[in-house]
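In what follows, a structure is listed as structure tokens, so that the remarks can point back to it.
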Amino acid sequence: GLGPLKGRVVLLKDRDQDGQRLKVPHMGWNELTFHQPAPLFDGVPEGFAYFVHSYYVSDMNPDEQLASADYGVQVPAVVGKGNVLGAQFHPEKSSTTGMALLKQFIQLANEQRVNK
């Protein structure tokens, strides 16, 4: 990444802990788990998100991992620190949950703009 968030970008493994084969690149739906409250999640239901990726971030600061999904490892799905927010998945393709996240992001951005 660009440095505001800590961690290492690593290639997804092609097997889970039980030795089951995983496709890499991963393309598909995974359930999001919210780890901590965040303004971005206000009014957003936990649900499924659509991923297309071969890499994930490991060794993150747990306070900066806002949500994750499981794909053989815990994949940071939503990260944030201060005004920096990021998503590993495609919110625009992620049904109700993704659209709710995008709407909330726009609302937060508008509030920041108005409060300056």
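Within each chain, counting starts at residue 1; across the structure tokens, chains are named A, B, ... in the order shown, with ligands numbered 1 upward in that order.
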For stretch 61-72 of chain A, work out the shell of residues within 9 Å, counting only C-alpha atoms and skipping chain neighbours fewer than 3 positions away, then give it as an NGL selection string. :A and (5-7 or 12-18 or 20 or 22 or 26 or 30-38 or 48-49 or 75-81)
For the selection you just gave me, I'd like the residues written to a file as a JSON list (two decimals), in the first residue's frame, keeping C-alpha atoms.
[["chain", "number", "residue", "atom", "x", "y", "z"],
["A", 5, "LEU", "CA", -1.77, 1.29, 7.20],
["A", 6, "LYS", "CA", 0.65, -1.37, 8.40],
["A", 7, "GLY", "CA", 0.84, -4.89, 7.00],
["A", 12, "LEU", "CA", -3.38, -16.14, -1.25],
["A", 13, "LYS", "CA", -2.54, -19.79, -0.61],
["A", 14, "ASP", "CA", -4.10, -22.39, -2.88],
["A", 15, "ARG", "CA", -5.00, -24.65, 0.07],
["A", 16, "ASP", "CA", -6.80, -24.01, 3.33],
["A", 17, "GLN", "CA", -5.65, -25.29, 6.74],
["A", 18, "ASP", "CA", -7.36, -28.64, 6.10],
["A", 20, "GLN", "CA", -8.73, -28.30, 0.70],
["A", 22, "LEU", "CA", -8.75, -22.99, -3.10],
["A", 26, "HIS", "CA", -10.32, -15.95, -5.96],
["A", 30, "ASN", "CA", -17.73, -14.34, 0.91],
["A", 31, "GLU", "CA", -19.52, -13.35, 4.10],
["A", 32, "LEU", "CA", -18.27, -10.21, 5.82],
["A", 33, "THR", "CA", -17.71, -10.14, 9.56],
["A", 34, "PHE", "CA", -17.59, -6.71, 11.21],
["A", 35, "HIS", "CA", -14.94, -6.63, 13.94],
["A", 36, "GLN", "CA", -15.55, -3.26, 15.53],
["A", 37, "PRO", "CA", -17.98, -0.40, 15.32],
["A", 38, "ALA", "CA", -17.14, 2.22, 12.73],
["A", 48, "PHE", "CA", -21.93, -11.06, 1.49],
["A", 49, "ALA", "CA", -19.38, -9.24, -0.65],
["A", 75, "VAL", "CA", -8.80, -11.62, 4.59],
["A", 76, "PRO", "CA", -9.07, -7.98, 5.69],
["A", 77, "ALA", "CA", -12.16, -6.85, 3.79],
["A", 78, "VAL", "CA", -12.58, -3.30, 5.15],
["A", 79, "VAL", "CA", -9.70, -1.37, 6.69],
["A", 80, "GLY", "CA", -9.49, 2.09, 8.15],
["A", 81, "LYS", "CA", -7.47, 4.57, 10.12]]
Just the helix (DSSP H, G or I) stuff from chain A, please, per backbone DSSP, written as JSON, numbers by chain. {"A": [39, 40, 41, 62, 63, 64, 91, 92, 93, 95, 96, 97, 98, 99, 100, 101, 102, 103, 104, 105, 106, 107, 108, 109, 110, 111, 112, 113, 114]}
Let's have the selection written as a PDB file, in the first residue's frame, with N, CA and C atoms.
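That gives us result-v5.pdb:
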ATOM      1  N   PRO A  39     -18.053   4.343  11.935  1.00  0.00           N
ATOM      2  CA  PRO A  39     -19.085   5.169  11.291  1.00  0.00           C
ATOM      3  C   PRO A  39     -19.475   4.633   9.911  1.00  0.00           C
ATOM      4  N   LEU A  40     -18.539   4.006   9.209  1.00  0.00           N
ATOM      5  CA  LEU A  40     -18.840   3.453   7.892  1.00  0.00           C
ATOM      6  C   LEU A  40     -19.907   2.369   7.952  1.00  0.00           C
ATOM      7  N   PHE A  41     -20.038   1.698   9.093  1.00  0.00           N
ATOM      8  CA  PHE A  41     -20.988   0.595   9.218  1.00  0.00           C
ATOM      9  C   PHE A  41     -22.352   1.017   9.752  1.00  0.00           C
ATOM     10  N   PRO A  62      -4.664  -4.901  14.352  1.00  0.00           N
ATOM     11  CA  PRO A  62      -6.068  -5.324  14.500  1.00  0.00           C
ATOM     12  C   PRO A  62      -7.046  -4.159  14.632  1.00  0.00           C
ATOM     13  N   ASP A  63      -6.595  -3.021  15.159  1.00  0.00           N
ATOM     14  CA  ASP A  63      -7.480  -1.862  15.283  1.00  0.00           C
ATOM     15  C   ASP A  63      -7.835  -1.262  13.928  1.00  0.00           C
ATOM     16  N   GLU A  64      -7.049  -1.561  12.903  1.00  0.00           N
ATOM     17  CA  GLU A  64      -7.277  -1.009  11.567  1.00  0.00           C
ATOM     18  C   GLU A  64      -8.066  -1.955  10.667  1.00  0.00           C
ATOM     19  N   PRO A  91     -17.513  -3.208  -3.702  1.00  0.00           N
ATOM     20  CA  PRO A  91     -18.802  -2.858  -3.096  1.00  0.00           C
ATOM     21  C   PRO A  91     -19.906  -2.647  -4.134  1.00  0.00           C
ATOM     22  N   GLU A  92     -19.548  -2.154  -5.302  1.00  0.00           N
ATOM     23  CA  GLU A  92     -20.564  -1.881  -6.325  1.00  0.00           C
ATOM     24  C   GLU A  92     -21.188  -3.160  -6.873  1.00  0.00           C
ATOM     25  N   LYS A  93     -20.544  -4.307  -6.637  1.00  0.00           N
ATOM     26  CA  LYS A  93     -21.071  -5.600  -7.099  1.00  0.00           C
ATOM     27  C   LYS A  93     -21.548  -6.458  -5.941  1.00  0.00           C
ATOM     28  N   SER A  95     -24.218  -6.407  -3.798  1.00  0.00           N
ATOM     29  CA  SER A  95     -25.620  -6.453  -3.402  1.00  0.00           C
ATOM     30  C   SER A  95     -25.964  -5.414  -2.334  1.00  0.00           C
ATOM     31  N   THR A  96     -26.848  -5.768  -1.438  1.00  0.00           N
ATOM     32  CA  THR A  96     -27.379  -4.837  -0.437  1.00  0.00           C
ATOM     33  C   THR A  96     -26.288  -4.286   0.475  1.00  0.00           C
ATOM     34  N   THR A  97     -25.419  -5.152   0.942  1.00  0.00           N
ATOM     35  CA  THR A  97     -24.353  -4.722   1.854  1.00  0.00           C
ATOM     36  C   THR A  97     -23.411  -3.746   1.164  1.00  0.00           C
ATOM     37  N   GLY A  98     -22.997  -4.055  -0.034  1.00  0.00           N
ATOM     38  CA  GLY A  98     -22.082  -3.179  -0.771  1.00  0.00           C
ATOM     39  C   GLY A  98     -22.690  -1.819  -1.064  1.00  0.00           C
ATOM     40  N   MET A  99     -23.941  -1.806  -1.480  1.00  0.00           N
ATOM     41  CA  MET A  99     -24.593  -0.526  -1.778  1.00  0.00           C
ATOM     42  C   MET A  99     -24.779   0.297  -0.509  1.00  0.00           C
ATOM     43  N   ALA A 100     -25.102  -0.362   0.603  1.00  0.00           N
ATOM     44  CA  ALA A 100     -25.244   0.359   1.872  1.00  0.00           C
ATOM     45  C   ALA A 100     -23.906   0.954   2.304  1.00  0.00           C
ATOM     46  N   LEU A 101     -22.806   0.224   2.104  1.00  0.00           N
ATOM     47  CA  LEU A 101     -21.474   0.761   2.427  1.00  0.00           C
ATOM     48  C   LEU A 101     -21.145   1.969   1.554  1.00  0.00           C
ATOM     49  N   LEU A 102     -21.444   1.873   0.265  1.00  0.00           N
ATOM     50  CA  LEU A 102     -21.171   3.007  -0.622  1.00  0.00           C
ATOM     51  C   LEU A 102     -21.983   4.239  -0.232  1.00  0.00           C
ATOM     52  N   LYS A 103     -23.255   4.053   0.080  1.00  0.00           N
ATOM     53  CA  LYS A 103     -24.100   5.178   0.498  1.00  0.00           C
ATOM     54  C   LYS A 103     -23.574   5.806   1.790  1.00  0.00           C
ATOM     55  N   GLN A 104     -23.172   4.968   2.739  1.00  0.00           N
ATOM     56  CA  GLN A 104     -22.651   5.482   3.997  1.00  0.00           C
ATOM     57  C   GLN A 104     -21.325   6.203   3.776  1.00  0.00           C
ATOM     58  N   PHE A 105     -20.476   5.683   2.884  1.00  0.00           N
ATOM     59  CA  PHE A 105     -19.209   6.342   2.568  1.00  0.00           C
ATOM     60  C   PHE A 105     -19.461   7.729   1.984  1.00  0.00           C
ATOM     61  N   ILE A 106     -20.401   7.830   1.066  1.00  0.00           N
ATOM     62  CA  ILE A 106     -20.734   9.127   0.459  1.00  0.00           C
ATOM     63  C   ILE A 106     -21.252  10.089   1.523  1.00  0.00           C
ATOM     64  N   GLN A 107     -22.099   9.595   2.418  1.00  0.00           N
ATOM     65  CA  GLN A 107     -22.613  10.449   3.485  1.00  0.00           C
ATOM     66  C   GLN A 107     -21.472  10.946   4.379  1.00  0.00           C
ATOM     67  N   LEU A 108     -20.547  10.062   4.749  1.00  0.00           N
ATOM     68  CA  LEU A 108     -19.410  10.465   5.585  1.00  0.00           C
ATOM     69  C   LEU A 108     -18.539  11.490   4.868  1.00  0.00           C
ATOM     70  N   ALA A 109     -18.300  11.278   3.576  1.00  0.00           N
ATOM     71  CA  ALA A 109     -17.486  12.215   2.797  1.00  0.00           C
ATOM     72  C   ALA A 109     -18.162  13.585   2.719  1.00  0.00           C
ATOM     73  N   ASN A 110     -19.476  13.595   2.518  1.00  0.00           N
ATOM     74  CA  ASN A 110     -20.217  14.864   2.471  1.00  0.00           C
ATOM     75  C   ASN A 110     -20.170  15.579   3.827  1.00  0.00           C
ATOM     76  N   GLU A 111     -20.285  14.835   4.923  1.00  0.00           N
ATOM     77  CA  GLU A 111     -20.191  15.435   6.253  1.00  0.00           C
ATOM     78  C   GLU A 111     -18.815  16.052   6.484  1.00  0.00           C
ATOM     79  N   GLN A 112     -17.776  15.381   6.037  1.00  0.00           N
ATOM     80  CA  GLN A 112     -16.414  15.906   6.176  1.00  0.00           C
ATOM     81  C   GLN A 112     -16.268  17.206   5.385  1.00  0.00           C
ATOM     82  N   ARG A 113     -16.819  17.214   4.183  1.00  0.00           N
ATOM     83  CA  ARG A 113     -16.726  18.392   3.316  1.00  0.00           C
ATOM     84  C   ARG A 113     -17.473  19.574   3.941  1.00  0.00           C
ATOM     85  N   VAL A 114     -18.653  19.321   4.483  1.00  0.00           N
ATOM     86  CA  VAL A 114     -19.478  20.370   5.068  1.00  0.00           C
ATOM     87  C   VAL A 114     -18.840  20.905   6.357  1.00  0.00           C
TER      88      VAL A 114
END
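Atom to atom, atom CA of A:Val24 and atom CA of A:Ser54 stand 5.7 Å apart.
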Among chain A, which ones does DSSP assign to strand (DSSP E or B) (computed from the backbone)? Answer as a PyMOL selection string. chain A and resi 8-11+15+21+26-31+33-34+48-53+55-58+65-70+74-81+84-87+90
Between atom CA of A:Met60 and atom CA of A:Val84, what is the spacing in Å? 14.6 Å
